[in-house]
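Shown next: start_21.pdb, given as PDB, C-alpha atoms, pLDDT in the B column.
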ATOM      1  CA  MET D   1     103.107  90.753 118.617  1.00 39.00           C
ATOM      2  CA  LEU D   2      99.622  89.931 119.825  1.00 43.00           C
ATOM      3  CA  THR D   3      98.841  89.756 123.509  1.00 46.00           C
ATOM      4  CA  LEU D   4      96.183  87.258 124.457  1.00 47.00           C
ATOM      5  CA  SER D   5      94.156  87.424 127.619  1.00 47.00           C
ATOM      6  CA  VAL D   6      92.706  84.146 128.846  1.00 48.00           C
ATOM      7  CA  ASN D   7      90.713  84.134 132.072  1.00 51.00           C
ATOM      8  CA  GLY D   8      92.126  87.547 132.941  1.00 54.00           C
ATOM      9  CA  ILE D   9      95.758  86.373 132.625  1.00 54.00           C
ATOM     10  CA  ARG D  10      97.787  88.126 129.921  1.00 56.00           C
ATOM     11  CA  HIS D  11      99.915  85.832 127.786  1.00 52.00           C
ATOM     12  CA  PRO D  12     102.276  87.532 125.315  1.00 55.00           C
ATOM     13  CA  ARG D  13     102.499  85.308 122.244  1.00 51.00           C
ATOM     14  CA  GLN D  14     103.253  85.874 118.626  1.00 48.00           C
ATOM     15  CA  LEU D  15     100.571  84.466 116.349  1.00 47.00           C
ATOM     16  CA  THR D  16     100.675  84.175 112.612  1.00 49.00           C
ATOM     17  CA  ALA D  17      97.209  84.331 111.120  1.00 50.00           C
ATOM     18  CA  ASP D  18      95.968  83.780 107.620  1.00 50.00           C
ATOM     19  CA  TYR D  19      92.496  85.313 107.210  1.00 47.00           C
ATOM     20  CA  ARG D  20      90.412  84.286 104.237  1.00 50.00           C
ATOM     21  CA  PHE D  21      86.999  85.807 103.615  1.00 46.00           C
ATOM     22  CA  PRO D  22      85.443  84.314 100.484  1.00 49.00           C
ATOM     23  CA  TYR D  23      82.145  86.309 100.383  1.00 46.00           C
ATOM     24  CA  LEU D  24      82.285  89.992 101.462  1.00 47.00           C
ATOM     25  CA  ALA D  25      79.033  91.144  99.841  1.00 47.00           C
ATOM     26  CA  HIS D  26      77.094  91.610 103.074  1.00 44.00           C
ATOM     27  CA  ALA D  27      79.977  92.700 105.310  1.00 44.00           C
ATOM     28  CA  ALA D  28      78.479  96.117 105.957  1.00 43.00           C
ATOM     29  CA  MET D  29      75.038  94.696 106.717  1.00 41.00           C
ATOM     30  CA  GLU D  30      75.621  91.494 108.615  1.00 41.00           C
ATOM     31  CA  PRO D  31      77.464  91.011 111.869  1.00 41.00           C
ATOM     32  CA  LEU D  32      80.349  88.604 111.868  1.00 43.00           C
ATOM     33  CA  ASN D  33      79.766  85.716 114.201  1.00 45.00           C
ATOM     34  CA  CYS D  34      82.695  83.448 114.784  1.00 49.00           C
ATOM     35  CA  ILE D  35      83.969  80.716 117.042  1.00 51.00           C
ATOM     36  CA  VAL D  36      87.514  80.795 118.375  1.00 54.00           C
ATOM     37  CA  LYS D  37      89.360  77.741 119.642  1.00 59.00           C
ATOM     38  CA  LEU D  38      92.408  78.767 121.629  1.00 60.00           C
ATOM     39  CA  SER D  39      94.915  76.134 122.678  1.00 65.00           C
ATOM     40  CA  ALA D  40      98.479  76.254 123.931  1.00 68.00           C
ATOM     41  CA  ASP D  41      99.925  76.129 120.417  1.00 65.00           C
ATOM     42  CA  ALA D  42      97.193  77.444 118.125  1.00 59.00           C
ATOM     43  CA  CYS D  43      94.307  79.799 117.686  1.00 54.00           C
ATOM     44  CA  GLU D  44      91.650  78.645 115.224  1.00 56.00           C
ATOM     45  CA  VAL D  45      88.858  80.924 114.055  1.00 54.00           C
ATOM     46  CA  TRP D  46      85.737  79.669 112.273  1.00 52.00           C
ATOM     47  CA  ASN D  47      83.466  82.244 110.702  1.00 47.00           C
ATOM     48  CA  GLY D  48      80.354  82.358 108.568  1.00 47.00           C
ATOM     49  CA  GLU D  49      80.554  82.566 104.810  1.00 45.00           C
ATOM     50  CA  GLN D  50      78.906  85.959 104.262  1.00 41.00           C
ATOM     51  CA  PHE D  51      82.011  87.677 102.962  1.00 41.00           C
ATOM     52  CA  GLN D  52      82.771  88.348  99.311  1.00 44.00           C
ATOM     53  CA  THR D  53      86.146  89.593  98.182  1.00 45.00           C
ATOM     54  CA  VAL D  54      87.108  91.332  94.990  1.00 49.00           C
ATOM     55  CA  ASP D  55      89.528  88.503  94.240  1.00 47.00           C
ATOM     56  CA  GLN D  56      86.715  86.114  93.269  1.00 65.00           C
ATOM     57  CA  GLY D  57      87.630  86.839  89.699  1.00 70.00           C
ATOM     58  CA  ASN D  58      84.219  87.987  88.462  1.00 84.00           C
ATOM     59  CA  ILE D  59      84.228  90.531  85.691  1.00 87.00           C
ATOM     60  CA  VAL D  60      80.997  92.461  85.159  1.00 91.00           C
ATOM     61  CA  ALA D  61      80.270  95.167  82.589  1.00 91.00           C
ATOM     62  CA  GLN D  62      77.011  97.062  82.156  1.00 94.00           C
ATOM     63  CA  VAL D  63      75.603  99.556  79.689  1.00 94.00           C
ATOM     64  CA  ALA D  64      72.464 101.497  80.609  1.00 95.00           C
ATOM     65  CA  GLU D  65      69.947 103.042  78.242  1.00 96.00           C
ATOM     66  CA  VAL D  66      68.779 106.219  79.984  1.00 96.00           C
ATOM     67  CA  PRO D  67      66.598 108.699  78.105  1.00 96.00           C
ATOM     68  CA  VAL D  68      66.589 112.227  79.543  1.00 96.00           C
ATOM     69  CA  ARG D  69      63.402 114.301  79.347  1.00 95.00           C
ATOM     70  CA  ALA D  70      63.306 118.052  78.651  1.00 92.00           C
ATOM     71  CA  ASP D  71      62.502 118.733  82.330  1.00 93.00           C
ATOM     72  CA  GLY D  72      65.722 116.977  83.406  1.00 91.00           C
ATOM     73  CA  GLY D  73      63.973 113.840  84.582  1.00 95.00           C
ATOM     74  CA  PHE D  74      65.164 110.487  83.340  1.00 97.00           C
ATOM     75  CA  SER D  75      64.410 106.796  83.485  1.00 96.00           C
ATOM     76  CA  VAL D  76      66.573 103.737  83.231  1.00 97.00           C
ATOM     77  CA  ASP D  77      64.844 101.807  80.461  1.00 97.00           C
ATOM     78  CA  ARG D  78      67.312  99.048  79.643  1.00 96.00           C
ATOM     79  CA  VAL D  79      70.492  97.524  81.023  1.00 95.00           C
ATOM     80  CA  VAL D  80      72.784  95.143  79.173  1.00 94.00           C
ATOM     81  CA  CYS D  81      74.998  93.189  81.553  1.00 94.00           C
ATOM     82  CA  ALA D  82      77.897  90.890  80.692  1.00 92.00           C
ATOM     83  CA  VAL D  83      79.407  88.669  83.370  1.00 92.00           C
ATOM     84  CA  ASP D  84      82.445  86.396  83.331  1.00 91.00           C
ATOM     85  CA  CYS D  85      82.243  84.269  86.449  1.00 91.00           C
ATOM     86  CA  GLY D  86      84.147  81.256  85.196  1.00 90.00           C
ATOM     87  CA  ILE D  87      82.304  78.119  84.143  1.00 91.00           C
ATOM     88  CA  ALA D  88      78.569  78.863  84.430  1.00 93.00           C
ATOM     89  CA  VAL D  89      77.395  76.042  86.671  1.00 91.00           C
ATOM     90  CA  ASN D  90      73.822  77.350  86.933  1.00 93.00           C
ATOM     91  CA  PRO D  91      73.116  80.020  84.295  1.00 95.00           C
ATOM     92  CA  ASP D  92      69.587  80.740  85.579  1.00 96.00           C
ATOM     93  CA  VAL D  93      70.923  81.593  89.037  1.00 94.00           C
ATOM     94  CA  ILE D  94      73.660  83.750  87.511  1.00 94.00           C
ATOM     95  CA  ARG D  95      71.051  85.690  85.508  1.00 96.00           C
ATOM     96  CA  ALA D  96      68.826  86.063  88.573  1.00 96.00           C
ATOM     97  CA  GLN D  97      71.743  87.341  90.668  1.00 95.00           C
ATOM     98  CA  MET D  98      72.704  89.878  88.001  1.00 95.00           C
ATOM     99  CA  GLU D  99      69.092  91.072  87.650  1.00 97.00           C
ATOM    100  CA  GLY D 100      68.620  91.336  91.424  1.00 95.00           C
ATOM    101  CA  GLY D 101      71.953  93.111  91.845  1.00 94.00           C
ATOM    102  CA  ILE D 102      70.995  95.640  89.190  1.00 96.00           C
ATOM    103  CA  GLY D 103      67.684  96.335  90.947  1.00 96.00           C
ATOM    104  CA  PHE D 104      69.381  96.670  94.330  1.00 94.00           C
ATOM    105  CA  GLY D 105      72.093  98.916  92.913  1.00 95.00           C
ATOM    106  CA  LEU D 106      69.545 101.092  91.108  1.00 97.00           C
ATOM    107  CA  THR D 107      67.835 101.815  94.422  1.00 95.00           C
ATOM    108  CA  ALA D 108      71.120 103.235  95.717  1.00 93.00           C
ATOM    109  CA  ALA D 109      71.859 105.038  92.460  1.00 95.00           C
ATOM    110  CA  LEU D 110      68.447 106.688  92.172  1.00 96.00           C
ATOM    111  CA  TYR D 111      67.167 107.018  95.744  1.00 94.00           C
ATOM    112  CA  GLY D 112      69.918 106.138  98.225  1.00 91.00           C
ATOM    113  CA  GLU D 113      70.085 109.225 100.368  1.00 89.00           C
ATOM    114  CA  ILE D 114      70.002 109.591 104.141  1.00 88.00           C
ATOM    115  CA  THR D 115      69.394 113.163 105.310  1.00 89.00           C
ATOM    116  CA  LEU D 116      69.823 114.655 108.756  1.00 91.00           C
ATOM    117  CA  THR D 117      67.988 117.433 110.572  1.00 92.00           C
ATOM    118  CA  GLU D 118      69.608 118.661 113.781  1.00 92.00           C
ATOM    119  CA  GLY D 119      71.659 115.476 113.951  1.00 88.00           C
ATOM    120  CA  ARG D 120      68.711 113.113 113.513  1.00 90.00           C
ATOM    121  CA  VAL D 121      68.047 110.894 110.529  1.00 89.00           C
ATOM    122  CA  ASP D 122      64.956 112.091 108.648  1.00 91.00           C
ATOM    123  CA  GLN D 123      64.098 108.715 107.114  1.00 90.00           C
ATOM    124  CA  SER D 124      62.336 106.404 109.540  1.00 89.00           C
ATOM    125  CA  ASN D 125      61.120 103.566 107.361  1.00 88.00           C
ATOM    126  CA  PHE D 126      60.249 102.649 103.799  1.00 85.00           C
ATOM    127  CA  THR D 127      57.477 105.271 103.777  1.00 88.00           C
ATOM    128  CA  ASP D 128      60.108 108.004 103.478  1.00 88.00           C
ATOM    129  CA  TYR D 129      63.067 106.033 102.116  1.00 89.00           C
ATOM    130  CA  PRO D 130      62.039 105.101  98.574  1.00 90.00           C
ATOM    131  CA  LEU D 131      63.032 101.829  96.959  1.00 92.00           C
ATOM    132  CA  LEU D 132      62.972 100.913  93.294  1.00 94.00           C
ATOM    133  CA  ARG D 133      59.467  99.740  92.378  1.00 94.00           C
ATOM    134  CA  ILE D 134      58.765  96.893  89.995  1.00 94.00           C
ATOM    135  CA  GLY D 135      57.409  99.361  87.419  1.00 95.00           C
ATOM    136  CA  GLU D 136      60.757 101.188  87.467  1.00 96.00           C
ATOM    137  CA  MET D 137      62.815  98.063  86.884  1.00 97.00           C
ATOM    138  CA  PRO D 138      64.471  98.304  83.460  1.00 98.00           C
ATOM    139  CA  ARG D 139      64.540  95.597  80.828  1.00 97.00           C
ATOM    140  CA  ILE D 140      67.668  93.597  81.539  1.00 97.00           C
ATOM    141  CA  GLU D 141      69.724  91.443  79.206  1.00 95.00           C
ATOM    142  CA  VAL D 142      72.338  89.267  80.872  1.00 95.00           C
ATOM    143  CA  HIS D 143      75.100  87.780  78.752  1.00 94.00           C
ATOM    144  CA  ILE D 144      77.199  85.102  80.433  1.00 94.00           C
ATOM    145  CA  VAL D 145      80.675  84.951  78.936  1.00 92.00           C
ATOM    146  CA  ALA D 146      81.712  81.440  77.929  1.00 91.00           C
ATOM    147  CA  SER D 147      84.727  80.650  80.061  1.00 89.00           C
ATOM    148  CA  GLN D 148      86.945  77.747  81.048  1.00 89.00           C
ATOM    149  CA  GLU D 149      88.087  79.450  84.265  1.00 87.00           C
ATOM    150  CA  LYS D 150      87.118  77.870  87.565  1.00 86.00           C
ATOM    151  CA  PRO D 151      83.567  78.726  88.668  1.00 87.00           C
ATOM    152  CA  SER D 152      83.219  81.558  91.167  1.00 85.00           C
ATOM    153  CA  GLY D 153      80.448  82.956  93.310  1.00 82.00           C
ATOM    154  CA  VAL D 154      78.045  85.497  91.914  1.00 87.00           C
ATOM    155  CA  GLY D 155      76.833  87.124  95.140  1.00 81.00           C
ATOM    156  CA  GLU D 156      76.282  90.725  94.084  1.00 84.00           C
ATOM    157  CA  PRO D 157      78.949  91.658  91.530  1.00 89.00           C
ATOM    158  CA  ALA D 158      76.312  93.561  89.522  1.00 91.00           C
ATOM    159  CA  VAL D 159      75.547  95.996  92.376  1.00 92.00           C
ATOM    160  CA  PRO D 160      78.570  98.340  92.208  1.00 90.00           C
ATOM    161  CA  VAL D 161      78.551  98.478  88.406  1.00 91.00           C
ATOM    162  CA  ILE D 162      75.066  99.903  87.752  1.00 94.00           C
ATOM    163  CA  ALA D 163      75.505 103.403  89.242  1.00 94.00           C
ATOM    164  CA  PRO D 164      78.547 104.197  87.062  1.00 93.00           C
ATOM    165  CA  ALA D 165      76.740 102.751  84.028  1.00 94.00           C
ATOM    166  CA  VAL D 166      73.737 105.050  84.630  1.00 95.00           C
ATOM    167  CA  ALA D 167      76.006 108.034  85.403  1.00 94.00           C
ATOM    168  CA  ASN D 168      77.892 107.484  82.134  1.00 93.00           C
ATOM    169  CA  ALA D 169      74.630 107.231  80.186  1.00 95.00           C
ATOM    170  CA  LEU D 170      73.441 110.478  81.794  1.00 96.00           C
ATOM    171  CA  PHE D 171      76.724 112.151  80.883  1.00 94.00           C
ATOM    172  CA  ALA D 172      76.392 110.994  77.277  1.00 93.00           C
ATOM    173  CA  ALA D 173      72.807 112.295  77.121  1.00 95.00           C
ATOM    174  CA  SER D 174      73.174 115.559  79.047  1.00 95.00           C
ATOM    175  CA  GLY D 175      76.860 116.456  79.214  1.00 94.00           C
ATOM    176  CA  GLN D 176      76.656 116.592  83.021  1.00 94.00           C
ATOM    177  CA  ARG D 177      79.206 114.508  84.897  1.00 93.00           C
ATOM    178  CA  LEU D 178      77.587 113.194  88.106  1.00 94.00           C
ATOM    179  CA  ARG D 179      79.868 112.142  90.935  1.00 90.00           C
ATOM    180  CA  LYS D 180      77.583 111.471  93.904  1.00 91.00           C
ATOM    181  CA  LEU D 181      74.553 109.402  94.733  1.00 92.00           C
ATOM    182  CA  PRO D 182      71.675 109.603  94.347  1.00 94.00           C
ATOM    183  CA  LEU D 183      72.075 110.578  90.704  1.00 96.00           C
ATOM    184  CA  ARG D 184      70.274 113.829  89.922  1.00 94.00           C
ATOM    185  CA  LEU D 185      70.582 116.125  86.962  1.00 95.00           C
ATOM    186  CA  ALA D 186      70.799 119.844  87.733  1.00 88.00           C
TER     187      ALA D 186
END

Starting from the file, give its structure as structure tokens.
Amino acid sequence: MLTLSVNGIRHPRQLTADYRFPYLAHAAMEPLNCIVKLSADACEVWNGEQFQTVDQGNIVAQVAEVPVRADGGFSVDRVVCAVDCGIAVNPDVIRAQMEGGIGFGLTAALYGEITLTEGRVDQSNFTDYPLLRIGEMPRIEVHIVASQEKPSGVGEPAVPVIAPAVANALFAASGQRLRKLPLRLA
């Protein structure tokens, strides 16, 4: 049971709603703006298309080449990415999205840390919150799986895959299992 309030008057009504959010990639970063049309027999909601759900059907796999130095430092030198996003309507855009997603995800994997001192955030801007630099970007190979499935969006499906790929490469090289970001060897 949902109670609606229109012009300060409460109207108890039961509404059945079917919410569909096709692109949830930016949900945490972008506010949801919507328009609601309320009539006597319906409530329609129109929203932007900045939501990406896991049910888009994309399958992404990544393998990272991560050499570990004697001092415990490491670099991500190469990433091989395979993506099945249905029929590849625009392969160049798919490759660009995978490459950009890997770069974005590497920033979180390698540097993404917010610290607090006495309840205040220490990082104030990009001067003290490092981002991946172009010289740190690994070589990337993107392989688009030939598919006859319906095409799907390729917003940022590469983002959540890169940190586990790097963590697994670090485990293989060092024997240390890392379970939090940013990734740091002890």

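Here CA of Arg139 (chain D) is placed at a distance of 8.7 Å from CA of Val76 (chain D).
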
Find the residues around Val142 (chain D) up to 12 Å (only C-alpha atoms counted), leave out those fewer than 2 positions away in its own chain, and share them as a ChimeraX atom specification.
/D:60-63,78-84,91-102,139-140,144-145,158

Neighbours of point (67.6, 106.5, 96.0) within 9 Å, using only C-alpha atoms, written as a ChimeraX atom specification
/D:106-113,129-132,181-183

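A straight line drawn from CA of Ser75 (chain D) to CA of Gly135 (chain D) is 10.9 Å long.
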
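Taking CA of Arg177 (chain D) and CA of Phe104 (chain D) as the two end points, the separation is 22.4 Å.
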
Tell me, as a PyMOL selection string, which residues lie within 9 Å of Gln148 (chain D), counting all atoms listed in the file; anything in the same chain fewer than 3 positions away does not count.
chain D and resi 86-87+151

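This file, queried with the PyMOL selection byres ((chain D and resi 66-69) around 10), gives the residues Val63, Ala64, Glu65, Ala70, Asp71, Gly72, Gly73, Phe74, Ser75, Val76, Asp77, Arg78, Val79, Pro138, Ala165, Val166, Ala167, Asn168, Ala169, Leu170, Phe171, Ala172, Ala173, Ser174 and Leu185 of chain D.
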